[in-house]
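Participant: Let me give you the structure first, and then I'll get to my questions.
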Amino acid sequence: MPQPVNREAILQAADKLSNWGRWGADDQIGTLNNVTPDDIVSAAGLIRKGKVFALGLSLKEPIQSGLFGGRWNPIHTMLATGTDAAAGRQDEPAPYLRYADDAINMPCQASTQWDALCHIFLEDKMYNGYDARLVDARGAKKLGIEHVRDKMAGRGVLLDIARFKGVDWLDDGYAITNDDLDACAKAQGVAIRKGDFVIVRTGQQERCLARQDWSGYAGGDAPGLAFETCYWIREKDIAAICSDTWGCEVRPNETRDANQPWHWVVIPAIGISMGEIFYVKELAADCAEDKVYEFFFTAPPLHLPGAAGSPINPQAIK
């Protein structure tokens, strides 16, 4: 029987699975240390078809519903347009230039994104024992997203849990277990290796796209990883964990003792990079067709010093 998820279990897991000090007292990239230059060279060899899959959800999708953290949907504003140009509004003073220009206003985690290691605190500590107060109104003095800007490349693996279960999408509240992850990998004929970037498909995002209904997606009920998978993540020693859902872990959470209890362990204790809101529909269809679930993966964040997260447009290349 799985251990009940409560505050004691959360703190016990954080202590048992901690990577604090593993890569030195000054480490700021966590499990990305598991990716070696040889791993990246080997991953490049997975490119056989030259087929590229963009894993970033359209920034025009209104996924934010105000259920968490005051985040809003990206706001795209045109600063200059072709209609301005054609009307001659850009022709003074001479010499002139006719052009289009625009701006975007968005929270760093409003769409497909990485969580930085400073994003979640375990009590008053961050990953590697850094004081949570090192993140203030000016940003993070430790563990900001800039530290991983050249680390997000390697072997990617898709675990298509929804397809493995024979459904278009998992039900909200379905908790993906360690056995689910292992059985899916076995059925797909793919091994999970140290330093992998693992992407878990639940299908929830595709349900929202199909129905054009994002209510509850950001912060509501969702299929996702069970709390016990924090042990799987540490055992496999993967580089990063990603999903097509808003928060990777199952919602409703498995306890009322903590909000997002899995987050409490995987980011501040294990130090794993977490990718959320990944768009994987085309990648999953291609993997199902050619039975190849591994690929070259790259997803650099923006160079935004001190940020707790970053928008991305990840790429899977087969």
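How things are named: the first chain in the structure tokens is A, the next is B, and so on; residues count from 1 in each chain; ligands count from 1 in the order shown.
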Which residues are near stretch 72-84 of chain A? Cut-off 6 Å, only C-alpha atoms, ignore same chain within fewer than 5 positions. Put them as an NGL selection string.

Facilitator: :A and (62 or 64 or 89 or 100-106)

Participant: I need the alpha helix (DSSP H) residues of stretch 40-249 of chain A per DSSP on the backbone, written as a VMD selection string.

Facilitator: chain A and resid 40 to 44 82 to 86 161 to 164 178 to 188 204 to 211 229 to 236

Participant: Using only C-alpha atoms, which of A:Pro268, A:Pro261, A:Pro107, A:Pro314 sits nearest A:Tyr127?

Facilitator: A:Pro268

Participant: Quick one: of A:Phe68, A:Lys281, A:Val265, A:Gly220, who's nearest to A:Asn253, counting only C-alpha atoms?

Facilitator: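 Under the stated criterion, the closest residue is A:Gly220.
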
Participant: At a cut-off of 12 Å, can you tabulate as a tab-separated table every residue of stretch 254-274 of chain A near stretch 177-197 of chain A together with its closest atom pair and the distance in Å to one decimal, using only C-alpha atoms and ordering rows by chain then number?

Facilitator:
residue	atom	partner	partner_atom	distance
A:Ile272	CA	A:Phe197	CA	10.3
A:Ser273	CA	A:Phe197	CA	9.3
A:Met274	CA	A:Phe197	CA	9.6

Participant: Go ahead and save the residues from that selection, with all heavy atoms, as an mmCIF file, in the first residue's frame.

Facilitator:
data_model
loop_
_atom_site.group_PDB
_atom_site.id
_atom_site.type_symbol
_atom_site.label_atom_id
_atom_site.label_comp_id
_atom_site.auth_asym_id
_atom_site.auth_seq_id
_atom_site.Cartn_x
_atom_site.Cartn_y
_atom_site.Cartn_z
ATOM 1 N N ILE A 272 15.175 19.518 -9.423
ATOM 2 C CA ILE A 272 14.917 19.197 -10.831
ATOM 3 C C ILE A 272 14.223 20.351 -11.540
ATOM 4 O O ILE A 272 13.380 21.043 -10.966
ATOM 5 C CB ILE A 272 14.069 17.912 -10.956
ATOM 6 C CG1 ILE A 272 14.145 17.370 -12.399
ATOM 7 C CG2 ILE A 272 12.634 18.120 -10.521
ATOM 8 C CD1 ILE A 272 13.635 15.962 -12.541
ATOM 9 N N SER A 273 14.599 20.580 -12.775
ATOM 10 C CA SER A 273 13.916 21.559 -13.605
ATOM 11 C C SER A 273 12.577 20.975 -14.043
ATOM 12 O O SER A 273 12.494 19.805 -14.440
ATOM 13 C CB SER A 273 14.764 21.913 -14.832
ATOM 14 O OG SER A 273 15.897 22.654 -14.458
ATOM 15 N N MET A 274 11.540 21.784 -13.960
ATOM 16 C CA MET A 274 10.198 21.331 -14.289
ATOM 17 C C MET A 274 9.629 22.167 -15.433
ATOM 18 O O MET A 274 9.623 23.396 -15.368
ATOM 19 C CB MET A 274 9.288 21.445 -13.065
ATOM 20 C CG MET A 274 7.905 20.850 -13.269
ATOM 21 S SD MET A 274 6.801 21.239 -11.893
ATOM 22 C CE MET A 274 7.747 20.597 -10.531
#

Participant: Near stretch 223-235 of chain A, counting only C-alpha atoms, which residues have an atom at most 8 Å away, once you skip same-chain residues fewer than 6 positions from it, shown as a ChimeraX atom specification?

Facilitator: /A:2,5,13,17,170-178,202,204,245,247-251,254,261-262,265-266,270
